[in-house]
Structures are given as C-alpha cells and as structure tokens.
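Peer 1: The structure file data_8.pdb (PDB, C-alpha atoms) is provided below.
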```
MODEL        1
ATOM      1  CA  MET A 489       1.739 -34.041  -7.720
ATOM      2  CA  LYS A 490       1.412 -31.567  -4.858
ATOM      3  CA  LYS A 491       1.327 -27.916  -5.856
ATOM      4  CA  GLU A 492       2.168 -24.616  -4.239
ATOM      5  CA  ALA A 493       0.406 -21.265  -4.445
ATOM      6  CA  ILE A 494       1.466 -17.663  -3.947
ATOM      7  CA  VAL A 495      -1.330 -15.337  -2.838
ATOM      8  CA  LEU A 496      -0.718 -11.588  -2.825
ATOM      9  CA  LEU A 497      -2.786  -9.675  -0.257
ATOM     10  CA  ASN A 498      -3.780  -6.029  -0.312
ATOM     11  CA  MET A 499      -6.382  -3.616   1.034
ATOM     12  CA  GLY A 500      -8.382  -3.350  -2.179
ATOM     13  CA  GLY A 501     -10.483  -0.548  -3.582
ATOM     14  CA  PRO A 502     -13.902  -0.111  -5.202
ATOM     15  CA  ASN A 503     -14.224  -1.716  -8.625
ATOM     16  CA  ASN A 504     -17.126   0.649  -9.361
ATOM     17  CA  LEU A 505     -18.958   3.492  -7.633
ATOM     18  CA  GLU A 506     -21.496   1.106  -6.073
ATOM     19  CA  GLU A 507     -18.692  -0.716  -4.257
ATOM     20  CA  VAL A 508     -17.566   2.440  -2.431
ATOM     21  CA  GLU A 509     -20.081   1.716   0.336
ATOM     22  CA  VAL A 510     -18.897  -1.913   0.544
ATOM     23  CA  PHE A 511     -15.300  -0.752   0.831
ATOM     24  CA  LEU A 512     -16.021   1.731   3.620
ATOM     25  CA  THR A 513     -18.302  -0.659   5.521
ATOM     26  CA  ASN A 514     -15.776  -3.478   5.506
ATOM     27  CA  MET A 515     -12.826  -1.241   6.347
ATOM     28  CA  PHE A 516     -14.432   0.410   9.341
ATOM     29  CA  ASN A 517     -15.779  -2.921  10.628
ATOM     30  CA  ASP A 518     -12.197  -4.216  10.757
ATOM     31  CA  LYS A 519     -11.174  -4.688  14.399
ATOM     32  CA  ASN A 520      -7.619  -3.702  13.452
ATOM     33  CA  ILE A 521      -8.875  -0.323  12.167
ATOM     34  CA  ILE A 522     -11.603   0.528  14.679
ATOM     35  CA  THR A 523     -10.090  -0.906  17.836
ATOM     36  CA  VAL A 524     -13.024  -0.636  20.246
ATOM     37  CA  GLY A 525     -13.710  -3.775  22.288
ATOM     38  CA  SER A 526     -17.362  -4.277  21.343
ATOM     39  CA  SER A 527     -18.253  -5.549  17.860
ATOM     40  CA  LEU A 528     -21.687  -3.925  18.270
ATOM     41  CA  LEU A 529     -20.103  -0.528  18.936
ATOM     42  CA  ARG A 530     -17.684  -1.041  16.054
ATOM     43  CA  SER A 531     -20.592  -1.812  13.723
ATOM     44  CA  PHE A 532     -22.396   1.353  14.835
ATOM     45  CA  ILE A 533     -19.268   3.480  14.283
ATOM     46  CA  ALA A 534     -18.757   1.875  10.867
ATOM     47  CA  LYS A 535     -22.325   2.666   9.828
ATOM     48  CA  MET A 536     -21.963   6.286  10.902
ATOM     49  CA  ILE A 537     -18.644   6.777   9.082
ATOM     50  CA  THR A 538     -19.916   5.025   5.959
ATOM     51  CA  PHE A 539     -23.088   7.146   5.934
ATOM     52  CA  THR A 540     -21.135  10.407   6.183
ATOM     53  CA  ARG A 541     -18.320   9.502   3.775
ATOM     54  CA  THR A 542     -19.854   7.453   0.947
ATOM     55  CA  GLU A 543     -20.989  10.350  -1.258
ATOM     56  CA  LYS A 544     -17.709  12.257  -0.868
ATOM     57  CA  SER A 545     -15.685   9.100  -1.544
ATOM     58  CA  GLN A 546     -17.736   8.329  -4.646
ATOM     59  CA  GLU A 547     -16.867  11.771  -5.988
ATOM     60  CA  ILE A 548     -13.168  11.045  -5.416
ATOM     61  CA  TYR A 549     -13.399   7.809  -7.421
ATOM     62  CA  ARG A 550     -15.470   9.545 -10.079
ATOM     63  CA  GLN A 551     -12.525  11.897 -10.658
ATOM     64  CA  ILE A 552     -10.105   9.004 -11.241
ATOM     65  CA  GLY A 553     -12.266   7.003 -13.646
ATOM     66  CA  GLY A 554     -15.080   5.644 -11.487
ATOM     67  CA  LYS A 555     -13.062   2.990  -9.707
ATOM     68  CA  SER A 556      -9.813   2.286  -7.897
ATOM     69  CA  PRO A 557      -6.894   1.350 -10.169
ATOM     70  CA  ILE A 558      -5.597  -1.174  -7.621
ATOM     71  CA  VAL A 559      -7.192  -4.338  -9.046
ATOM     72  CA  GLY A 560      -6.071  -3.650 -12.609
ATOM     73  CA  HIS A 561      -2.473  -3.021 -11.578
ATOM     74  CA  THR A 562      -2.519  -6.107  -9.350
ATOM     75  CA  LYS A 563      -3.777  -8.326 -12.167
ATOM     76  CA  ASN A 564      -0.833  -7.167 -14.298
ATOM     77  CA  LEU A 565       1.560  -7.921 -11.443
ATOM     78  CA  VAL A 566       0.045 -11.390 -10.922
ATOM     79  CA  ALA A 567       0.342 -12.189 -14.643
ATOM     80  CA  LYS A 568       4.028 -11.226 -14.724
ATOM     81  CA  LEU A 569       4.770 -13.126 -11.519
ATOM     82  CA  GLN A 570       2.939 -16.185 -12.884
ATOM     83  CA  ASP A 571       5.084 -16.104 -16.037
ATOM     84  CA  ARG A 572       8.188 -15.799 -13.879
ATOM     85  CA  VAL A 573       7.509 -18.739 -11.515
ATOM     86  CA  GLY A 574       5.992 -21.125 -14.059
ATOM     87  CA  GLU A 575       2.711 -23.014 -14.345
ATOM     88  CA  ASN A 576       3.412 -25.458 -11.492
ATOM     89  CA  ILE A 577       2.968 -22.633  -8.969
ATOM     90  CA  ILE A 578      -0.439 -20.961  -8.810
ATOM     91  CA  VAL A 579      -0.359 -17.167  -8.367
ATOM     92  CA  ASP A 580      -3.477 -15.318  -7.211
ATOM     93  CA  PHE A 581      -4.467 -12.288  -5.135
ATOM     94  CA  ALA A 582      -7.054 -11.361  -2.523
ATOM     95  CA  MET A 583      -8.279  -7.996  -1.306
ATOM     96  CA  ARG A 584      -9.263  -7.215   2.266
ATOM     97  CA  TYR A 585     -12.276  -4.936   1.763
ATOM     98  CA  THR A 586     -13.484  -5.384  -1.835
ATOM     99  CA  PRO A 587     -13.599  -8.233  -4.384
ATOM    100  CA  PRO A 588     -11.829 -10.486  -4.943
ATOM    101  CA  PHE A 589     -12.184 -11.440  -1.271
ATOM    102  CA  ALA A 590     -10.097 -14.137   0.417
ATOM    103  CA  SER A 591     -13.087 -16.519   0.339
ATOM    104  CA  GLU A 592     -13.265 -16.247  -3.469
ATOM    105  CA  VAL A 593      -9.571 -17.021  -3.885
ATOM    106  CA  ILE A 594      -9.761 -19.949  -1.461
ATOM    107  CA  ALA A 595     -12.675 -21.363  -3.469
ATOM    108  CA  ARG A 596     -10.549 -21.158  -6.641
ATOM    109  CA  LEU A 597      -7.704 -23.004  -4.923
ATOM    110  CA  GLN A 598      -9.897 -25.847  -3.657
ATOM    111  CA  GLY A 599      -9.424 -29.215  -5.305
ATOM    112  CA  GLN A 600      -6.033 -28.328  -6.785
ATOM    113  CA  ASP A 601      -4.039 -30.511  -4.377
ATOM    114  CA  ILE A 602      -2.095 -27.598  -2.912
ATOM    115  CA  GLU A 603       0.424 -28.432  -0.201
ATOM    116  CA  LYS A 604       1.608 -24.913   0.717
ATOM    117  CA  ILE A 605       0.255 -21.417   0.250
ATOM    118  CA  TYR A 606       2.691 -18.519   0.509
ATOM    119  CA  LEU A 607       0.974 -15.351   1.694
ATOM    120  CA  ILE A 608       2.668 -12.080   0.716
ATOM    121  CA  PRO A 609       0.912  -8.933   1.952
ATOM    122  CA  LEU A 610       1.745  -6.118  -0.472
ATOM    123  CA  TYR A 611       2.596  -3.684   2.321
ATOM    124  CA  PRO A 612       6.353  -2.956   2.419
ATOM    125  CA  GLN A 613       6.305  -2.027   6.106
ATOM    126  CA  CYS A 614       4.447  -4.058   8.725
ATOM    127  CA  SER A 615       1.435  -2.665  10.567
ATOM    128  CA  THR A 616      -1.428  -4.138  12.561
ATOM    129  CA  THR A 617      -3.786  -2.068  10.392
ATOM    130  CA  THR A 618      -2.623  -3.594   7.114
ATOM    131  CA  THR A 619      -0.331  -6.638   7.319
ATOM    132  CA  LYS A 620      -1.897  -8.226  10.402
ATOM    133  CA  SER A 621      -5.404  -7.503   9.180
ATOM    134  CA  SER A 622      -4.868  -9.103   5.747
ATOM    135  CA  LEU A 623      -3.078 -12.175   7.112
ATOM    136  CA  GLU A 624      -5.681 -12.782   9.821
ATOM    137  CA  ASP A 625      -8.506 -12.440   7.319
ATOM    138  CA  PHE A 626      -7.074 -14.950   4.846
ATOM    139  CA  GLU A 627      -6.099 -17.454   7.538
ATOM    140  CA  GLU A 628      -9.511 -17.249   9.215
ATOM    141  CA  GLN A 629     -11.367 -17.743   5.947
ATOM    142  CA  TYR A 630      -9.059 -20.598   4.951
ATOM    143  CA  HIS A 631      -9.581 -22.554   8.155
ATOM    144  CA  LEU A 632     -13.343 -21.905   8.121
ATOM    145  CA  ASN A 633     -13.358 -23.707   4.768
ATOM    146  CA  GLY A 634     -11.718 -26.731   6.398
ATOM    147  CA  GLU A 635      -8.643 -26.597   4.162
ATOM    148  CA  ASP A 636      -5.358 -28.092   5.350
ATOM    149  CA  ALA A 637      -2.506 -26.702   3.251
ATOM    150  CA  ILE A 638       0.381 -25.162   5.179
ATOM    151  CA  LEU A 639       0.160 -21.358   5.228
ATOM    152  CA  VAL A 640       3.501 -19.554   5.127
ATOM    153  CA  GLU A 641       3.578 -15.802   5.619
ATOM    154  CA  ILE A 642       5.915 -12.845   5.366
ATOM    155  CA  LYS A 643       5.297  -9.596   7.234
ATOM    156  CA  HIS A 644       7.462  -6.957   5.526
ATOM    157  CA  PHE A 645       9.963  -6.546   2.697
ATOM    158  CA  PHE A 646      11.078  -2.892   2.722
ATOM    159  CA  GLU A 647      14.719  -4.002   2.969
ATOM    160  CA  ASN A 648      14.595  -6.071  -0.238
ATOM    161  CA  GLN A 649      17.158  -4.713  -2.703
ATOM    162  CA  ASN A 650      15.155  -5.372  -5.852
ATOM    163  CA  TYR A 651      12.033  -3.817  -4.395
ATOM    164  CA  ASN A 652      14.012  -0.690  -3.599
ATOM    165  CA  LYS A 653      15.456  -0.701  -7.117
ATOM    166  CA  ALA A 654      11.852  -0.568  -8.333
ATOM    167  CA  ILE A 655      11.354   2.551  -6.223
ATOM    168  CA  LEU A 656      14.512   4.184  -7.582
ATOM    169  CA  GLU A 657      13.328   3.375 -11.100
ATOM    170  CA  ARG A 658      10.048   5.194 -10.437
ATOM    171  CA  ILE A 659      11.816   8.219  -8.944
ATOM    172  CA  LYS A 660      14.119   8.442 -11.978
ATOM    173  CA  GLU A 661      11.044   8.442 -14.237
ATOM    174  CA  ARG A 662      10.079  11.760 -12.636
ATOM    175  CA  VAL A 663      13.447  13.381 -11.892
ATOM    176  CA  SER A 664      16.702  12.854 -13.774
ATOM    177  CA  VAL A 665      20.019  12.461 -11.982
ATOM    178  CA  GLY A 666      21.171  15.787 -13.416
ATOM    179  CA  GLU A 667      18.233  17.803 -12.065
ATOM    180  CA  SER A 668      17.880  16.040  -8.685
ATOM    181  CA  ALA A 669      19.882  18.738  -6.849
ATOM    182  CA  GLU A 670      17.176  21.241  -7.800
ATOM    183  CA  PHE A 671      14.460  19.181  -6.074
ATOM    184  CA  ASP A 672      13.398  18.243  -2.571
ATOM    185  CA  ILE A 673      12.033  14.709  -2.298
ATOM    186  CA  ILE A 674       9.247  13.790   0.101
ATOM    187  CA  PHE A 675       8.597  10.177   0.998
ATOM    188  CA  SER A 676       4.886  10.281   1.791
ATOM    189  CA  ALA A 677       3.567   7.482   3.994
ATOM    190  CA  HIS A 678      -0.018   6.724   4.887
ATOM    191  CA  GLY A 679      -0.634   8.136   8.348
ATOM    192  CA  LEU A 680      -1.653   6.270  11.488
ATOM    193  CA  PRO A 681      -3.168   7.452  14.760
ATOM    194  CA  VAL A 682      -0.455   7.961  17.392
ATOM    195  CA  LYS A 683      -2.333   5.642  19.758
ATOM    196  CA  VAL A 684      -1.781   2.744  17.328
ATOM    197  CA  ILE A 685       1.977   3.335  17.462
ATOM    198  CA  GLU A 686       1.865   3.663  21.254
ATOM    199  CA  ARG A 687       0.321   0.188  21.438
ATOM    200  CA  GLY A 688       3.488  -1.219  19.853
ATOM    201  CA  ASP A 689       2.833  -1.044  16.109
ATOM    202  CA  VAL A 690       6.215  -1.095  14.298
ATOM    203  CA  TYR A 691       5.028   0.793  11.204
ATOM    204  CA  GLN A 692       6.636   4.156  11.982
ATOM    205  CA  ARG A 693      10.006   2.567  12.751
ATOM    206  CA  HIS A 694       9.848   0.553   9.522
ATOM    207  CA  VAL A 695       8.985   3.640   7.473
ATOM    208  CA  GLU A 696      11.814   5.676   8.985
ATOM    209  CA  LYS A 697      14.307   2.869   8.375
ATOM    210  CA  HIS A 698      13.043   2.523   4.803
ATOM    211  CA  VAL A 699      13.659   6.235   4.172
ATOM    212  CA  ARG A 700      17.254   5.847   5.404
ATOM    213  CA  ILE A 701      17.814   2.863   3.091
ATOM    214  CA  LEU A 702      16.409   4.694   0.066
ATOM    215  CA  THR A 703      18.329   7.880   0.827
ATOM    216  CA  LYS A 704      21.590   5.920   0.816
ATOM    217  CA  MET A 705      20.683   4.140  -2.439
ATOM    218  CA  LEU A 706      19.783   7.439  -4.100
ATOM    219  CA  GLU A 707      23.125   8.939  -3.096
ATOM    220  CA  GLU A 708      24.930   5.883  -4.489
ATOM    221  CA  GLU A 709      23.076   6.476  -7.786
ATOM    222  CA  GLY A 710      24.308  10.085  -7.859
ATOM    223  CA  MET A 711      20.915  11.565  -6.977
ATOM    224  CA  GLN A 712      21.784  14.366  -4.558
ATOM    225  CA  PHE A 713      18.424  15.886  -3.680
ATOM    226  CA  ALA A 714      18.460  19.299  -1.989
ATOM    227  CA  ASN A 715      16.645  17.746   0.980
ATOM    228  CA  VAL A 716      15.020  14.423   1.847
ATOM    229  CA  HIS A 717      11.795  14.490   3.881
ATOM    230  CA  LEU A 718       9.284  12.096   5.417
ATOM    231  CA  ALA A 719       5.635  13.122   5.788
ATOM    232  CA  TYR A 720       2.295  11.423   6.436
ATOM    233  CA  GLN A 721      -0.924  11.677   4.438
ATOM    234  CA  SER A 722      -4.582  10.548   4.645
ATOM    235  CA  LYS A 723      -5.444  11.717   8.165
ATOM    236  CA  VAL A 724      -9.055  10.963   9.144
ATOM    237  CA  GLY A 725     -10.896  12.233  12.214
ATOM    238  CA  PRO A 726      -9.943  14.491  15.146
ATOM    239  CA  MET A 727      -7.454  12.227  16.962
ATOM    240  CA  GLU A 728      -3.687  12.807  16.931
ATOM    241  CA  TRP A 729      -1.933  11.272  13.917
ATOM    242  CA  LEU A 730       1.705  10.842  13.004
ATOM    243  CA  LYS A 731       3.448  14.081  12.024
ATOM    244  CA  PRO A 732       4.436  15.994  10.034
ATOM    245  CA  SER A 733       1.477  15.905   7.696
ATOM    246  CA  LEU A 734       2.206  16.221   3.993
ATOM    247  CA  GLU A 735       0.568  19.646   3.910
ATOM    248  CA  GLU A 736       2.754  20.818   6.831
ATOM    249  CA  LYS A 737       5.842  19.528   5.055
ATOM    250  CA  LEU A 738       4.963  21.256   1.776
ATOM    251  CA  THR A 739       4.459  24.504   3.651
ATOM    252  CA  GLU A 740       7.864  24.137   5.317
ATOM    253  CA  ILE A 741       9.902  23.480   2.151
ATOM    254  CA  LYS A 742      11.800  26.472   0.795
ATOM    255  CA  SER A 743      12.647  24.937  -2.557
ATOM    256  CA  ARG A 744      10.029  25.429  -5.251
ATOM    257  CA  ASN A 745      10.609  22.025  -6.845
ATOM    258  CA  VAL A 746       9.383  18.850  -5.158
ATOM    259  CA  VAL A 747       8.929  15.195  -6.071
ATOM    260  CA  ILE A 748       6.731  12.879  -4.001
ATOM    261  CA  PHE A 749       7.169   9.136  -3.626
ATOM    262  CA  PRO A 750       4.332   7.212  -1.869
ATOM    263  CA  ILE A 751       6.552   5.015   0.302
ATOM    264  CA  ALA A 752       3.795   2.987   1.988
ATOM    265  CA  PHE A 753       2.109   1.789  -1.213
ATOM    266  CA  THR A 754       3.240  -0.832  -3.711
ATOM    267  CA  ILE A 755       0.230  -0.387  -6.008
ATOM    268  CA  ASP A 756      -1.377   2.869  -7.153
ATOM    269  CA  ASN A 757      -4.768   3.603  -5.596
ATOM    270  CA  SER A 758      -6.964   6.578  -4.674
ATOM    271  CA  GLU A 759      -4.372   7.866  -2.199
ATOM    272  CA  THR A 760      -1.874   8.228  -5.041
ATOM    273  CA  ASP A 761      -4.080   8.918  -8.079
ATOM    274  CA  PHE A 762      -6.379  11.391  -6.302
ATOM    275  CA  GLU A 763      -4.867  12.533  -3.018
ATOM    276  CA  LEU A 764      -1.302  13.048  -4.265
ATOM    277  CA  GLU A 765      -1.887  13.721  -7.955
ATOM    278  CA  ILE A 766      -4.935  15.999  -7.650
ATOM    279  CA  GLU A 767      -5.575  17.188  -4.080
ATOM    280  CA  TYR A 768      -2.019  17.955  -2.981
ATOM    281  CA  ARG A 769      -1.107  19.260  -6.417
ATOM    282  CA  GLU A 770      -3.640  22.034  -5.752
ATOM    283  CA  VAL A 771      -2.018  22.692  -2.357
ATOM    284  CA  ALA A 772       1.429  22.893  -3.984
ATOM    285  CA  HIS A 773       0.091  25.272  -6.642
ATOM    286  CA  GLU A 774      -1.365  27.539  -3.953
ATOM    287  CA  LEU A 775       2.003  27.479  -2.152
ATOM    288  CA  GLY A 776       3.757  28.604  -5.311
ATOM    289  CA  PHE A 777       5.700  25.466  -6.224
ATOM    290  CA  LYS A 778       7.249  25.640  -9.669
ATOM    291  CA  GLU A 779       7.449  21.856 -10.096
ATOM    292  CA  TYR A 780       5.301  19.295  -8.265
ATOM    293  CA  ARG A 781       5.856  15.724  -9.439
ATOM    294  CA  VAL A 782       4.383  12.467  -8.123
ATOM    295  CA  CYS A 783       6.042   9.093  -8.691
ATOM    296  CA  ARG A 784       4.072   6.030  -9.635
ATOM    297  CA  CYS A 785       4.103   3.057  -7.275
ATOM    298  CA  PRO A 786       6.132   0.002  -8.306
ATOM    299  CA  ASN A 787       2.926  -1.654  -9.656
ATOM    300  CA  ASP A 788       4.103  -4.379 -12.080
ATOM    301  CA  SER A 789       7.745  -3.250 -12.263
ATOM    302  CA  ASP A 790      10.134  -6.018 -13.324
ATOM    303  CA  TYR A 791      12.209  -5.250 -10.235
ATOM    304  CA  PHE A 792       9.125  -5.726  -8.048
ATOM    305  CA  VAL A 793       8.357  -9.042  -9.742
ATOM    306  CA  GLU A 794      11.926 -10.150  -9.059
ATOM    307  CA  ALA A 795      11.572  -9.062  -5.431
ATOM    308  CA  LEU A 796       8.437 -11.207  -5.055
ATOM    309  CA  VAL A 797      10.265 -14.186  -6.567
ATOM    310  CA  GLU A 798      13.036 -13.675  -4.000
ATOM    311  CA  LEU A 799      10.525 -13.429  -1.149
ATOM    312  CA  TYR A 800       8.872 -16.665  -2.270
ATOM    313  CA  ALA A 801      12.241 -18.428  -2.472
ATOM    314  CA  LYS A 802      13.195 -17.144   0.984
ATOM    315  CA  MET A 803       9.931 -18.435   2.484
ATOM    316  CA  ARG A 804      10.322 -21.970   1.107
TER     317      ARG A 804
ENDMDL
END
```
Could the structure of this file be written out as structure tokens, please?

Peer 2:
Amino acid sequence: MKKEAIVLLNMGGPNNLEEVEVFLTNMFNDKNIITVGSSLLRSFIAKMITFTRTEKSQEIYRQIGGKSPIVGHTKNLVAKLQDRVGENIIVDFAMRYTPPFASEVIARLQGQDIEKIYLIPLYPQCSTTTTKSSLEDFEEQYHLNGEDAILVEIKHFFENQNYNKAILERIKERVSVGESAEFDIIFSAHGLPVKVIERGDVYQRHVEKHVRILTKMLEEEGMQFANVHLAYQSKVGPMEWLKPSLEEKLTEIKSRNVVIFPIAFTIDNSETDFELEIEYREVAHELGFKEYRVCRCPNDSDYFVEALVELYAKMR
C-alpha cells in the first residue's frame, strides 16, 4: 500500500560546539543568503565570515547549553504530530544547515513505497532566505537521488487560526489578561537586508499582516496592551536592514513593562534563547525597564500540532 510522508523543514542549529563552523559555512554558502552571482566569490565570502564569527558564535551557544535547542524541540513536535496523524503517514524533519540534512531524511524514506511527500517549511511567513531556500534544497537532493514521489509544498501559514492560537497561548504564559494594559508588546521578527525586500521578497508584508491578525485576536481575548509594536532583530553587517531595530524600539518605548514575542520563529533557537533572553534583557535593564519578558515559541504546542494537521489536510 502506497504511503505518504510529512517532512518539516527548518534552518537548523549546531548540535554541539564543533558544528558551529558547519552551520556558518553552510548558511553563508547558501545562494539565497549571499546573493552574489559567482559561486567562487560566495565561497570566499563564506570562508571569511565563518573565520571571523565562529569563536564568537561558539561562545553564544556555550551560554545556552553548548548547542541549539532547535533539534530537541523539533523532535518533540514530530513525535506529537506522528501520534496525531497515525502510523500510516511518516513524519520526519530536515534542517537546512546542520544535521539532520535533507539527504539523510531522503535516505530514511527510500524503499518505503511513498507516493507523496508533503513539505512544510516551519517559517510562518514566506521569504526567499528561508522558505525558498529550504524547499529548493530538499527538492534538489530528492531528485539527485532519483526518487519519484510527488512533492507537495506550502509556503506560509501565518494566517492559520490554530497556529495563531498557539502564539496567544505563549503570550498568556508571560502576561495575564488582567495585567496586559500595563505592558507594551513587541513582535520581534528576524531582520532582512532592505535590498532583499526591494528584489520582491514578500517577508515584510507577511510579517506586518501577521501583526495585524494577532493584534485583533489579542483584543478579542481581552488583552488590551498599552501599545503594540513591530521590530527587527539579528542584523549582521554594514548594509541597510529593515527598521526599526529591536534596540531602537526598546529605546523608544515609554512604558517600563514590555513583553517580546518572536514572530518569525516557530521553534526556539539561539535568536530567542540567547539574543532575546540574554542579550536584549541586558539592554532593557540598562534602559531601566521594570519588567522584560520573552515568550517561548510555539515549539510543540498542541495548537501548533493541530495547525500542521490542518495544513497537511489542505495540501492533499
């Protein structure tokens, strides 16, 4: 009997300190990240960035336990999704820049008589730097292996009701309905260079629309925050990036109570566990914030599992 598979795709993160160099090398060799025309020039740039950033990045991961939490959280999500869809559908996951790579997952799926593979990138909003990159990588590796199952893909899901319920659940874990009026909320998205947006990337528009959807849902739940903000984090290099930066936004806020939700991430990683929880907490302390709270990502939330089931059903 023919089977189906669901493969969740994400960026990945080092599983140990030795993999930090692998992560950086693969990321900066990605033509969707470093968009120069020559692969030779891209490789040179990647080597230079990796050389200058590896030691600093290792220290970041050392402070959050010596590895990225992304694989552990994803395994929990896969297990819950597998239980939800039943044993006749195979659920697996592949990372773009660190193990398990797409090639490893494809090898596991070989010989299982799979008719269709449903690819779900775990990026709520679509971007060439994330969604396109992960889909292209899996599809290229799959066809190089000579496999012939039908690949079905989805490119974004920020409008899914159950996914957004997962977000509201995480926000309520940090701020109660009764105290929400005393807080500003910042939806912090991973930044992108402005030139990427100018080339037609829809990410910024998706993020802004997502903030509007969540703001309405929060109001319907009785959560009347003093102000709702959007900011961008994780800027790298001298080029112009999307604004305002998270640091600029924190400086601007008059309230002394703030809660942060990482709107571009479904799974906790170094950008949430280190950058938001440690680095920007220090910034907020220096700025005199009384309360600085960071929400967890949906991770293996039951609402998120239900959203993935709905996405799978919609793709069939």

Peer 1: Using all atoms listed in the file, can you tell me which of A:Lys660, A:His678, A:Lys697, A:Arg804 comes closest to Leu639 (chain A)?

Peer 2: A:Arg804

Peer 1: Got a sec: who's within 9 Å of Glu759 (chain A), counting all atoms listed in the file, leaving out chain neighbours fewer than 2 positions off, as a count of residues only?

Peer 2: 12

Peer 1: Mind telling me what the PyMOL selection byres ((chain A and resi 667-677) around 6) catches here, as an MDAnalysis selection string?

Peer 2: chainID A and resid 664:666 678 711:720 745:752

Peer 1: Do a neighbour search on region 615-625 of chain A at 6 Å with only C-alpha atoms, toss out local chain neighbours closer than 6 positions, and write the hits as a compact mmCIF listing (two decimals) with C-alpha atoms, in the coordinates of the input.

Peer 2:
```txt
# COMPACT_ATOMS: atom_id res chain seq x y z
CA ASN A 520 -7.62 -3.70 13.45
CA ILE A 521 -8.88 -0.32 12.17
CA ARG A 584 -9.26 -7.22 2.27
CA PRO A 609 0.91 -8.93 1.95
CA ASP A 689 2.83 -1.04 16.11
CA TYR A 691 5.03 0.79 11.20
```

Peer 1: Can you list what the PyMOL selection byres ((chain A and resi 500-504) around 10) grabs from this structure, as a VMD selection string?

Peer 2: chain A and resid 497 to 499 505 to 512 515 546 549 to 550 553 to 560 562 582 to 589 755 757 to 758
